[in-house]
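Reproduced below: final_8.cif, with mmCIF, C-alpha atoms.
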```cif
data_start
#
loop_
_atom_site.group_PDB
_atom_site.id
_atom_site.type_symbol
_atom_site.label_atom_id
_atom_site.label_comp_id
_atom_site.auth_asym_id
_atom_site.auth_seq_id
_atom_site.Cartn_x
_atom_site.Cartn_y
_atom_site.Cartn_z
ATOM 1 C CA ASP F 28 0.000 0.000 0.000
ATOM 2 C CA THR F 29 2.982 2.285 -0.656
ATOM 3 C CA ALA F 30 1.800 5.791 -1.522
ATOM 4 C CA VAL F 31 4.577 6.794 -3.934
ATOM 5 C CA SER F 32 6.711 3.998 -5.316
ATOM 6 C CA GLN F 33 9.636 4.273 -7.654
ATOM 7 C CA THR F 34 11.781 1.625 -9.300
ATOM 8 C CA PRO F 35 14.506 0.647 -9.390
ATOM 9 C CA LYS F 36 15.996 1.537 -6.016
ATOM 10 C CA TYR F 37 19.527 1.264 -7.397
ATOM 11 C CA LEU F 38 20.672 1.728 -10.978
ATOM 12 C CA VAL F 39 24.262 1.306 -12.128
ATOM 13 C CA THR F 40 25.013 1.922 -15.776
ATOM 14 C CA GLN F 41 27.711 3.104 -18.140
ATOM 15 C CA MET F 42 28.154 6.469 -19.775
ATOM 16 C CA GLY F 43 26.215 6.887 -22.977
ATOM 17 C CA ASN F 44 23.440 4.490 -22.062
ATOM 18 C CA ASP F 45 19.744 5.357 -21.959
ATOM 19 C CA LYS F 46 17.793 4.476 -18.831
ATOM 20 C CA SER F 47 14.383 4.993 -17.261
ATOM 21 C CA ILE F 48 13.125 5.330 -13.704
ATOM 22 C CA LYS F 49 9.484 4.584 -13.029
ATOM 23 C CA CYS F 50 7.202 6.284 -10.519
ATOM 24 C CA GLU F 51 3.664 5.517 -9.483
ATOM 25 C CA GLN F 52 1.401 7.101 -6.866
ATOM 26 C CA ASN F 53 -1.838 5.652 -5.512
ATOM 27 C CA LEU F 54 -2.932 8.759 -3.625
ATOM 28 C CA GLY F 55 -5.106 10.179 -6.358
ATOM 29 C CA HIS F 56 -2.906 13.267 -6.491
ATOM 30 C CA ASP F 57 -3.043 15.527 -9.497
ATOM 31 C CA THR F 58 0.580 16.627 -9.612
ATOM 32 C CA MET F 59 3.830 14.663 -9.716
ATOM 33 C CA TYR F 60 7.424 15.789 -9.523
ATOM 34 C CA TRP F 61 10.973 14.646 -10.105
ATOM 35 C CA TYR F 62 13.746 15.913 -7.867
ATOM 36 C CA LYS F 63 17.496 15.396 -8.057
ATOM 37 C CA GLN F 64 19.555 15.211 -4.887
ATOM 38 C CA ASP F 65 23.256 15.775 -5.343
ATOM 39 C CA SER F 66 26.151 14.424 -3.299
ATOM 40 C CA LYS F 67 25.768 17.292 -0.830
ATOM 41 C CA LYS F 68 22.153 16.294 -0.199
ATOM 42 C CA PHE F 69 20.777 19.403 -1.890
ATOM 43 C CA LEU F 70 17.361 18.841 -3.454
ATOM 44 C CA LYS F 71 16.511 20.474 -6.765
ATOM 45 C CA ILE F 72 13.288 20.312 -8.734
ATOM 46 C CA MET F 73 13.591 18.883 -12.223
ATOM 47 C CA PHE F 74 9.985 18.719 -13.403
ATOM 48 C CA SER F 75 6.474 19.117 -12.192
ATOM 49 C CA TYR F 76 3.582 17.669 -14.168
ATOM 50 C CA ASN F 77 -0.167 17.479 -13.882
ATOM 51 C CA ASN F 78 -2.748 16.643 -16.455
ATOM 52 C CA LYS F 79 -2.664 20.206 -17.664
ATOM 53 C CA GLU F 80 0.888 21.341 -17.689
ATOM 54 C CA LEU F 81 4.503 20.232 -17.700
ATOM 55 C CA ILE F 82 6.845 22.678 -16.046
ATOM 56 C CA ILE F 83 10.527 22.129 -16.616
ATOM 57 C CA ASN F 84 13.315 23.579 -14.543
ATOM 58 C CA GLU F 85 15.386 25.464 -17.087
ATOM 59 C CA THR F 86 18.628 24.026 -15.733
ATOM 60 C CA VAL F 87 17.652 20.448 -16.628
ATOM 61 C CA PRO F 88 19.406 19.141 -19.774
ATOM 62 C CA ASN F 89 17.092 18.020 -22.559
ATOM 63 C CA ARG F 90 18.555 14.519 -22.200
ATOM 64 C CA PHE F 91 16.069 14.195 -19.350
ATOM 65 C CA SER F 92 12.439 13.791 -20.274
ATOM 66 C CA PRO F 93 9.368 12.953 -18.194
ATOM 67 C CA LYS F 94 6.722 10.646 -19.605
ATOM 68 C CA SER F 95 3.283 10.384 -18.069
ATOM 69 C CA PRO F 96 1.116 7.563 -19.443
ATOM 70 C CA ASP F 97 -1.631 8.468 -16.974
ATOM 71 C CA LYS F 98 -2.340 10.584 -13.929
ATOM 72 C CA ALA F 99 -0.813 8.054 -11.523
ATOM 73 C CA HIS F 100 2.514 7.624 -13.298
ATOM 74 C CA LEU F 101 5.420 9.889 -14.132
ATOM 75 C CA ASN F 102 8.469 8.121 -15.501
ATOM 76 C CA LEU F 103 11.868 9.723 -16.012
ATOM 77 C CA HIS F 104 13.840 8.907 -19.160
ATOM 78 C CA ILE F 105 17.482 9.813 -19.406
ATOM 79 C CA ASN F 106 19.389 9.626 -22.685
ATOM 80 C CA SER F 107 23.142 9.527 -23.190
ATOM 81 C CA LEU F 108 23.957 9.285 -19.507
ATOM 82 C CA GLU F 109 26.910 11.283 -18.213
ATOM 83 C CA LEU F 110 29.031 10.904 -15.092
ATOM 84 C CA GLY F 111 27.466 14.060 -13.641
ATOM 85 C CA ASP F 112 24.048 12.458 -13.744
ATOM 86 C CA SER F 113 25.031 10.269 -10.802
ATOM 87 C CA ALA F 114 22.716 11.273 -7.964
ATOM 88 C CA VAL F 115 19.635 10.176 -6.079
ATOM 89 C CA TYR F 116 16.411 10.892 -7.931
ATOM 90 C CA PHE F 117 13.185 11.303 -5.994
ATOM 91 C CA CYS F 118 9.664 11.177 -7.298
ATOM 92 C CA ALA F 119 6.968 13.014 -5.335
ATOM 93 C CA SER F 120 3.300 13.886 -5.597
ATOM 94 C CA SER F 121 0.865 16.392 -4.171
ATOM 95 C CA ASP F 122 -2.728 17.449 -4.645
ATOM 96 C CA LEU F 123 -2.507 21.020 -5.883
ATOM 97 C CA GLU F 124 -6.129 21.163 -6.984
ATOM 98 C CA ALA F 125 -7.266 20.415 -3.446
ATOM 99 C CA THR F 126 -5.052 23.008 -1.878
ATOM 100 C CA TYR F 127 -2.245 25.016 -3.335
ATOM 101 C CA ASN F 128 -0.160 24.235 -0.301
ATOM 102 C CA SER F 129 -0.608 20.475 -0.278
ATOM 103 C CA PRO F 130 2.105 18.430 1.472
ATOM 104 C CA LEU F 131 4.555 16.526 -0.682
ATOM 105 C CA HIS F 132 4.696 12.732 -0.585
ATOM 106 C CA PHE F 133 8.037 11.322 -1.663
ATOM 107 C CA GLY F 134 9.110 8.003 -3.080
ATOM 108 C CA ASN F 135 12.111 6.244 -1.566
ATOM 109 C CA GLY F 136 14.528 7.440 -4.191
ATOM 110 C CA THR F 137 16.582 5.848 -6.951
ATOM 111 C CA ARG F 138 20.339 5.939 -6.575
ATOM 112 C CA LEU F 139 21.792 6.290 -10.065
ATOM 113 C CA THR F 140 25.490 5.598 -10.548
ATOM 114 C CA VAL F 141 27.026 6.261 -13.941
ATOM 115 C CA THR F 142 30.421 4.691 -14.544
ATOM 116 C CA LYS L 22 17.422 36.296 -4.935
ATOM 117 C CA ASN L 23 15.018 34.087 -2.983
ATOM 118 C CA GLU L 24 17.046 31.897 -0.654
ATOM 119 C CA VAL L 25 16.439 29.591 2.277
ATOM 120 C CA GLU L 26 19.071 29.487 4.977
ATOM 121 C CA GLN L 27 19.203 26.755 7.573
ATOM 122 C CA SER L 28 21.247 26.614 10.731
ATOM 123 C CA PRO L 29 23.107 24.815 12.006
ATOM 124 C CA GLN L 30 24.386 22.759 9.060
ATOM 125 C CA ASN L 31 25.484 19.992 11.409
ATOM 126 C CA LEU L 32 24.368 19.252 14.947
ATOM 127 C CA THR L 33 25.449 16.489 17.302
ATOM 128 C CA ALA L 34 23.669 16.147 20.618
ATOM 129 C CA GLN L 35 23.134 13.666 23.416
ATOM 130 C CA GLU L 36 19.990 11.644 23.796
ATOM 131 C CA GLY L 37 17.352 13.569 25.724
ATOM 132 C CA GLU L 38 18.491 17.033 24.693
ATOM 133 C CA PHE L 39 16.101 19.659 23.330
ATOM 134 C CA ILE L 40 16.942 20.327 19.686
ATOM 135 C CA THR L 41 16.273 23.467 17.657
ATOM 136 C CA ILE L 42 16.843 23.822 13.931
ATOM 137 C CA ASN L 43 16.324 27.198 12.311
ATOM 138 C CA CYS L 44 15.190 28.280 8.872
ATOM 139 C CA SER L 45 15.104 31.812 7.506
ATOM 140 C CA TYR L 46 13.939 33.082 4.151
ATOM 141 C CA SER L 47 14.151 36.327 2.285
ATOM 142 C CA VAL L 48 10.735 37.339 0.959
ATOM 143 C CA GLY L 49 7.078 36.625 1.575
ATOM 144 C CA ILE L 50 5.928 33.052 1.287
ATOM 145 C CA SER L 51 2.644 31.191 1.202
ATOM 146 C CA ALA L 52 3.836 28.095 3.071
ATOM 147 C CA LEU L 53 6.850 26.454 4.643
ATOM 148 C CA HIS L 54 7.622 22.733 4.735
ATOM 149 C CA TRP L 55 9.822 20.747 7.081
ATOM 150 C CA LEU L 56 11.088 17.461 5.642
ATOM 151 C CA GLN L 57 13.026 14.629 7.258
ATOM 152 C CA GLN L 58 15.457 12.411 5.389
ATOM 153 C CA HIS L 59 16.690 9.330 7.210
ATOM 154 C CA PRO L 60 20.085 7.723 6.592
ATOM 155 C CA GLY L 61 18.306 5.114 4.489
ATOM 156 C CA GLY L 62 17.422 7.917 2.089
ATOM 157 C CA GLY L 63 13.629 8.200 2.260
ATOM 158 C CA ILE L 64 12.111 11.671 2.620
ATOM 159 C CA VAL L 65 9.093 12.291 4.821
ATOM 160 C CA SER L 66 7.050 15.458 5.044
ATOM 161 C CA LEU L 67 6.883 16.444 8.724
ATOM 162 C CA PHE L 68 4.999 19.716 8.660
ATOM 163 C CA MET L 69 3.527 22.252 6.331
ATOM 164 C CA LEU L 70 2.651 25.559 7.935
ATOM 165 C CA SER L 71 1.827 29.099 6.973
ATOM 166 C CA SER L 72 1.364 30.603 10.431
ATOM 167 C CA GLY L 73 1.653 29.840 14.118
ATOM 168 C CA LYS L 74 2.681 26.486 15.431
ATOM 169 C CA LYS L 75 2.124 22.792 14.785
ATOM 170 C CA LYS L 76 2.932 19.831 17.008
ATOM 171 C CA HIS L 77 3.225 16.143 16.244
ATOM 172 C CA GLY L 78 4.505 13.911 19.007
ATOM 173 C CA ARG L 79 7.890 15.228 20.109
ATOM 174 C CA LEU L 80 8.204 17.523 17.108
ATOM 175 C CA ILE L 81 7.107 21.150 17.131
ATOM 176 C CA ALA L 82 7.306 23.574 14.217
ATOM 177 C CA THR L 83 6.803 27.311 14.532
ATOM 178 C CA ILE L 84 6.802 30.100 12.018
ATOM 179 C CA ASN L 85 7.037 33.867 12.421
ATOM 180 C CA ILE L 86 5.849 35.434 9.195
ATOM 181 C CA GLN L 87 6.945 38.958 10.133
ATOM 182 C CA GLU L 88 10.483 37.832 10.941
ATOM 183 C CA LYS L 89 10.585 35.381 8.001
ATOM 184 C CA HIS L 90 11.792 32.637 10.280
ATOM 185 C CA SER L 91 10.774 29.122 11.260
ATOM 186 C CA SER L 92 12.083 26.701 13.846
ATOM 187 C CA LEU L 93 11.804 22.963 14.208
ATOM 188 C CA HIS L 94 12.088 21.682 17.760
ATOM 189 C CA ILE L 95 12.590 18.131 18.953
ATOM 190 C CA THR L 96 11.907 17.417 22.612
ATOM 191 C CA ALA L 97 13.489 14.478 24.460
ATOM 192 C CA SER L 98 15.643 13.669 21.431
ATOM 193 C CA HIS L 99 16.387 10.035 20.610
ATOM 194 C CA PRO L 100 18.965 8.360 18.362
ATOM 195 C CA ARG L 101 16.183 7.491 15.917
ATOM 196 C CA ASP L 102 15.754 11.245 15.338
ATOM 197 C CA SER L 103 19.146 11.231 13.607
ATOM 198 C CA ALA L 104 18.445 12.425 10.092
ATOM 199 C CA VAL L 105 18.783 15.364 7.724
ATOM 200 C CA TYR L 106 16.073 17.969 8.272
ATOM 201 C CA ILE L 107 15.213 20.112 5.275
ATOM 202 C CA CYS L 108 13.273 23.363 5.186
ATOM 203 C CA ALA L 109 11.484 24.360 1.991
ATOM 204 C CA VAL L 110 9.398 27.438 1.305
ATOM 205 C CA ARG L 111 6.797 28.173 -1.316
ATOM 206 C CA TYR L 112 7.445 31.534 -2.906
ATOM 207 C CA THR L 113 4.763 32.955 -5.124
ATOM 208 C CA GLY L 114 5.638 32.005 -8.682
ATOM 209 C CA GLY L 115 8.763 30.122 -7.747
ATOM 210 C CA GLY L 116 10.080 27.356 -10.002
ATOM 211 C CA ALA L 117 8.508 24.239 -11.382
ATOM 212 C CA ASP L 118 7.158 23.244 -7.985
ATOM 213 C CA GLY L 119 7.097 26.621 -6.337
ATOM 214 C CA LEU L 120 9.538 25.424 -3.693
ATOM 215 C CA THR L 121 12.956 26.644 -2.683
ATOM 216 C CA PHE L 122 14.902 24.217 -0.497
ATOM 217 C CA GLY L 123 17.425 24.819 2.232
ATOM 218 C CA LYS L 124 20.593 22.761 2.235
ATOM 219 C CA GLY L 125 19.513 20.731 5.220
ATOM 220 C CA THR L 126 20.646 20.233 8.803
ATOM 221 C CA HIS L 127 22.422 16.979 9.560
ATOM 222 C CA LEU L 128 21.384 15.918 13.068
ATOM 223 C CA ILE L 129 23.076 13.137 15.021
ATOM 224 C CA ILE L 130 21.701 12.101 18.397
ATOM 225 C CA GLN L 131 24.166 10.030 20.379
ATOM 226 C CA PRO L 132 22.947 7.516 22.971
#
```

In structure tokens, what does this structure look like?
Amino acid sequence: DTAVSQTPKYLVTQMGNDKSIKCEQNLGHDTMYWYKQDSKKFLKIMFSYNNKELIINETVPNRFSPKSPDKAHLNLHINSLELGDSAVYFCASSDLEATYNSPLHFGNGTRLTVT
Amino acid sequence: KNEVEQSPQNLTAQEGEFITINCSYSVGISALHWLQQHPGGGIVSLFMLSSGKKKHGRLIATINIQEKHSSLHITASHPRDSAVYICAVRYTGGGADGLTFGKGTHLIIQP
């Protein structure tokens, strides 16, 4: 009955590969997010997406692309992986339509290591 | 520039001590979040507040809108409270999620 689940938990891959991280939420939330946490534990927003709008943080390279097959899923695709992409990636969701200041619910993170 | 400053960056205390973590921000906000990240990596939302004070168990969060400052208090601290505590504020029109994050406070409670 996990609220926000993301897979895989660990992902080790080589430079140049293409990989995906999946995220699903069963909370009925209308908005999902992808965050990147660097080695210093600093969280940065990458994308937010609801059924109306995709908002992209301008600092995110276009090698990263979110794909949402439906309201409960927001997958992260990464092309041509680089060493600097190594980080922990967190999926999250909230219910912005219910209240603009809805709490965030996070997945457990995916630790990506690019070698 | 809208920034979120947390202090201290690192805090080590003995079990049972009263803990205070501070968060200050630069302009008006609509809400402030306190998040907890355990050594295992998962992030949990502790509080979301826009005024006053909230309490949950041994955790208390306060916010002073006029002073642009929030504090997270832990009473009777326990080793299981060891985690990174992150403050995030929602600025009007800010970013893809409207949130600006602090860099976190790394708390260690020693038995």

| request: Report as a list in words the residues that result from applying the PyMOL selection byres ((chain F and resi 98) around 10) to the structure here. | output: Glu51, Gln52, Asn53, Gly55, His56, Asp57, Thr58, Met59, Tyr76, Asn77, Asn78, Ser95, Pro96, Asp97, Ala99, His100 and Leu101 of chain F

| message | I need the chain L residues near chain F as JSON, numbers by chain; criterion: at most 12 Å, counting all atoms listed in the file. | response | {"L": [25, 30, 50, 51, 52, 53, 54, 55, 56, 57, 58, 59, 60, 61, 62, 63, 64, 65, 66, 67, 68, 69, 70, 71, 104, 105, 106, 107, 108, 109, 110, 111, 112, 113, 114, 115, 116, 117, 118, 119, 120, 121, 122, 123, 124, 125, 126, 127]}

Output of the above residues as a compact mmCIF listing (two decimals), keeping the file's coordinate frame, restricted to C-alpha atoms:
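Result file out11.txt:
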```txt
# COMPACT_ATOMS: atom_id res chain seq x y z
CA VAL L 25 16.44 29.59 2.28
CA GLN L 30 24.39 22.76 9.06
CA ILE L 50 5.93 33.05 1.29
CA SER L 51 2.64 31.19 1.20
CA ALA L 52 3.84 28.10 3.07
CA LEU L 53 6.85 26.45 4.64
CA HIS L 54 7.62 22.73 4.74
CA TRP L 55 9.82 20.75 7.08
CA LEU L 56 11.09 17.46 5.64
CA GLN L 57 13.03 14.63 7.26
CA GLN L 58 15.46 12.41 5.39
CA HIS L 59 16.69 9.33 7.21
CA PRO L 60 20.08 7.72 6.59
CA GLY L 61 18.31 5.11 4.49
CA GLY L 62 17.42 7.92 2.09
CA GLY L 63 13.63 8.20 2.26
CA ILE L 64 12.11 11.67 2.62
CA VAL L 65 9.09 12.29 4.82
CA SER L 66 7.05 15.46 5.04
CA LEU L 67 6.88 16.44 8.72
CA PHE L 68 5.00 19.72 8.66
CA MET L 69 3.53 22.25 6.33
CA LEU L 70 2.65 25.56 7.94
CA SER L 71 1.83 29.10 6.97
CA ALA L 104 18.44 12.42 10.09
CA VAL L 105 18.78 15.36 7.72
CA TYR L 106 16.07 17.97 8.27
CA ILE L 107 15.21 20.11 5.28
CA CYS L 108 13.27 23.36 5.19
CA ALA L 109 11.48 24.36 1.99
CA VAL L 110 9.40 27.44 1.30
CA ARG L 111 6.80 28.17 -1.32
CA TYR L 112 7.44 31.53 -2.91
CA THR L 113 4.76 32.96 -5.12
CA GLY L 114 5.64 32.01 -8.68
CA GLY L 115 8.76 30.12 -7.75
CA GLY L 116 10.08 27.36 -10.00
CA ALA L 117 8.51 24.24 -11.38
CA ASP L 118 7.16 23.24 -7.98
CA GLY L 119 7.10 26.62 -6.34
CA LEU L 120 9.54 25.42 -3.69
CA THR L 121 12.96 26.64 -2.68
CA PHE L 122 14.90 24.22 -0.50
CA GLY L 123 17.42 24.82 2.23
CA LYS L 124 20.59 22.76 2.24
CA GLY L 125 19.51 20.73 5.22
CA THR L 126 20.65 20.23 8.80
CA HIS L 127 22.42 16.98 9.56
```

| query | Just how far from CA of Ile130 (chain L) is CA of Tyr46 (chain L), in Å to one decimal? | reply | 26.5 Å

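Considering only C-alpha atoms, the residue among F:Val31, F:Ala114, F:Val87, F:Val141 positioned nearest to Lys46 (chain F) is F:Val141.
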
With 6 Å added on each side, what axis-aligned box encloses every listed atom of region 97-108 of chain F? Give the centre and edge lengths in Å to one decimal, as lines of an AutoDock Vina configuration file.
```
center_x = 10.8
center_y = 9.1
center_z = -17.4
size_x = 38.3
size_y = 15.0
size_z = 23.7
```

| task | Could you give me, as a PyMOL selection string, the residues within 8 Å of Ser92 (chain L), counting all atoms listed in the file and dropping anything in the same chain fewer than 6 positions from it? | result | chain L and resi 41-44+82-84

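When all atoms listed in the file are used to measure the gap to Pro35 (chain F), the shortest distance among F:Thr86, F:Thr142, F:Asn102, F:Ser92 belongs to F:Asn102.
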
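Straight-line separation from CA of Glu24 (chain L) to CA of Ser72 (chain L): 19.2 Å.
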
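CA of Ser66 (chain F) lies 25.5 Å from CA of Ile40 (chain L).
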